[in-house]
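> Just passing along the structure, written as structure tokens.
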Amino acid sequence: MEEKPLGRVLVPVIALALVTGAGLAFGVAELKRPPDLPVDTNPAPLAGHTLCAAVVVVFSSDAELQPAVRALRDDPKARRLFVDPPSVSLLAVPGTDLKAWAQELHARFRTAERVTVIDSDATAAQLKLTAPPPKCPREGEY
């Protein structure tokens with residue numbers, strides 16, 4: 001019986017181990033990744049929602065608010081829209097930089113009186129509270 005050189009045996013075994021390890025790592029990462037949050041940009045009333053990570057755009061009148069709401073429904077960064085005349089509160093898709101998005105919205109909607117970022121986690125960290133509020137969930141509301 002002829003013996004194969006060690007190199008000819010080890011290379012396929014190592015390659016198989018690497019492929020198996022990569023597949024296993026990918027599978028574990030998929031299991032740990034949180035599920036995507038649902039996107040529903042149909043405007044809903046703000047009443048009853050406590051937002052902890054959002055961008056709020058305030059207009060001087062409902063007449064200015066309505067065209068903005070229609071435009072924001074198609075914004076790829078928007079996950080949920082809540083209206084409370086004359087303002088719209090926006091929850092973002094995960095991974096959106098709220099501060100940068102607020103600046104973008106301020107430039108886009110020049111008639112807005114104010115564009116504000118609500119970020120309870122950042123505010124609590126800045127204030128160094130002894131008893132900070134509960135961590136803001138990924139959904140952006142308590």
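Note on naming: chains are A, B, ... as they come in the structure tokens, residues start from 1 per chain, ligands start from 1 in the order shown.
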Determine, counting only C-alpha atoms, which protein, DNA and RNA residues have an atom within 12 Å of an atom of Ala71 in chain A; residues of the same chain fewer than 2 positions away are not included. Present the result as a ChimeraX atom specification.
/A:41-43,64-69,73-76,78,81,88,105,108-109
> Could you write those residues out with N, CA, C and O atoms, as an mmCIF file, in the first residue's frame?

```
data_model
loop_
_atom_site.group_PDB
_atom_site.id
_atom_site.type_symbol
_atom_site.label_atom_id
_atom_site.label_comp_id
_atom_site.auth_asym_id
_atom_site.auth_seq_id
_atom_site.Cartn_x
_atom_site.Cartn_y
_atom_site.Cartn_z
ATOM 1 N N THR A 41 -44.547 53.412 7.355
ATOM 2 C CA THR A 41 -44.456 54.869 7.314
ATOM 3 C C THR A 41 -45.810 55.545 7.103
ATOM 4 O O THR A 41 -45.857 56.716 6.749
ATOM 5 N N ASN A 42 -46.890 54.818 7.343
ATOM 6 C CA ASN A 42 -48.197 55.468 7.343
ATOM 7 C C ASN A 42 -48.287 56.303 8.603
ATOM 8 O O ASN A 42 -48.065 55.791 9.702
ATOM 9 N N PRO A 43 -48.599 57.595 8.486
ATOM 10 C CA PRO A 43 -48.628 58.456 9.664
ATOM 11 C C PRO A 43 -49.641 57.954 10.702
ATOM 12 O O PRO A 43 -50.764 57.581 10.361
ATOM 13 N N GLU A 64 -48.141 73.365 6.336
ATOM 14 C CA GLU A 64 -46.735 73.082 6.020
ATOM 15 C C GLU A 64 -46.369 71.643 6.378
ATOM 16 O O GLU A 64 -45.500 71.043 5.762
ATOM 17 N N LEU A 65 -47.045 71.101 7.377
ATOM 18 C CA LEU A 65 -46.759 69.744 7.837
ATOM 19 C C LEU A 65 -47.153 68.687 6.804
ATOM 20 O O LEU A 65 -46.397 67.748 6.554
ATOM 21 N N GLN A 66 -48.318 68.820 6.198
ATOM 22 C CA GLN A 66 -48.850 67.774 5.322
ATOM 23 C C GLN A 66 -47.937 67.404 4.147
ATOM 24 O O GLN A 66 -47.703 66.219 3.913
ATOM 25 N N PRO A 67 -47.382 68.389 3.399
ATOM 26 C CA PRO A 67 -46.470 67.989 2.306
ATOM 27 C C PRO A 67 -45.205 67.292 2.828
ATOM 28 O O PRO A 67 -44.686 66.379 2.194
ATOM 29 N N ALA A 68 -44.741 67.702 4.001
ATOM 30 C CA ALA A 68 -43.546 67.075 4.578
ATOM 31 C C ALA A 68 -43.838 65.620 4.945
ATOM 32 O O ALA A 68 -43.015 64.738 4.694
ATOM 33 N N VAL A 69 -45.006 65.376 5.529
ATOM 34 C CA VAL A 69 -45.382 64.001 5.895
ATOM 35 C C VAL A 69 -45.437 63.121 4.652
ATOM 36 O O VAL A 69 -44.944 61.990 4.655
ATOM 37 N N ARG A 73 -42.792 59.825 4.054
ATOM 38 C CA ARG A 73 -43.249 58.435 3.925
ATOM 39 C C ARG A 73 -42.317 57.629 3.024
ATOM 40 O O ARG A 73 -42.202 56.414 3.181
ATOM 41 N N ASP A 74 -41.638 58.308 2.083
ATOM 42 C CA ASP A 74 -40.735 57.629 1.158
ATOM 43 C C ASP A 74 -39.266 57.715 1.569
ATOM 44 O O ASP A 74 -38.396 57.247 0.842
ATOM 45 N N ASP A 75 -38.984 58.320 2.721
ATOM 46 C CA ASP A 75 -37.594 58.451 3.175
ATOM 47 C C ASP A 75 -37.083 57.077 3.606
ATOM 48 O O ASP A 75 -37.675 56.432 4.467
ATOM 49 N N PRO A 76 -35.978 56.600 3.014
ATOM 50 C CA PRO A 76 -35.482 55.256 3.347
ATOM 51 C C PRO A 76 -34.983 55.129 4.789
ATOM 52 O O PRO A 76 -34.832 54.022 5.287
ATOM 53 N N ALA A 78 -36.664 56.433 7.367
ATOM 54 C CA ALA A 78 -37.841 56.448 8.236
ATOM 55 C C ALA A 78 -38.390 55.040 8.424
ATOM 56 O O ALA A 78 -38.549 54.289 7.472
ATOM 57 N N LEU A 81 -43.705 56.956 11.413
ATOM 58 C CA LEU A 81 -44.030 58.389 11.451
ATOM 59 C C LEU A 81 -45.187 58.594 12.415
ATOM 60 O O LEU A 81 -46.213 57.918 12.299
ATOM 61 N N VAL A 88 -44.041 66.250 13.184
ATOM 62 C CA VAL A 88 -43.936 64.833 12.834
ATOM 63 C C VAL A 88 -42.719 64.286 13.585
ATOM 64 O O VAL A 88 -41.652 64.903 13.605
ATOM 65 N N LEU A 105 -32.614 66.621 7.406
ATOM 66 C CA LEU A 105 -34.019 67.031 7.363
ATOM 67 C C LEU A 105 -34.162 68.544 7.514
ATOM 68 O O LEU A 105 -35.022 69.159 6.882
ATOM 69 N N ARG A 108 -33.450 69.937 4.225
ATOM 70 C CA ARG A 108 -34.477 69.547 3.257
ATOM 71 C C ARG A 108 -35.796 70.296 3.462
ATOM 72 O O ARG A 108 -36.464 70.652 2.504
ATOM 73 N N PHE A 109 -36.162 70.525 4.705
ATOM 74 C CA PHE A 109 -37.416 71.207 5.022
ATOM 75 C C PHE A 109 -37.109 72.575 5.629
ATOM 76 O O PHE A 109 -37.155 72.767 6.839
#
```
> Counting only C-alpha atoms, what is within 12 Å of range 33-40 of chain A, bar same-chain residues fewer than 2 positions away, as a PyMOL selection string?
chain A and resi 26-31+42-44+72-82+90-95+137-140
> Select from range 7-132 of chain A everything DSSP, run on the backbone, classes as strand (DSSP E or B), then give the selection as a ChimeraX atom specification.
/A:40-45,51,53-58,78-84,87-92,114-119
> Which residue, A:Ala124, A:Ala102, A:Val83, A:Val117, has the smallest gap to Cys136 in chain A when you use only C-alpha atoms?
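Ranked by minimum distance to Cys136 in chain A, first place goes to A:Ala124.
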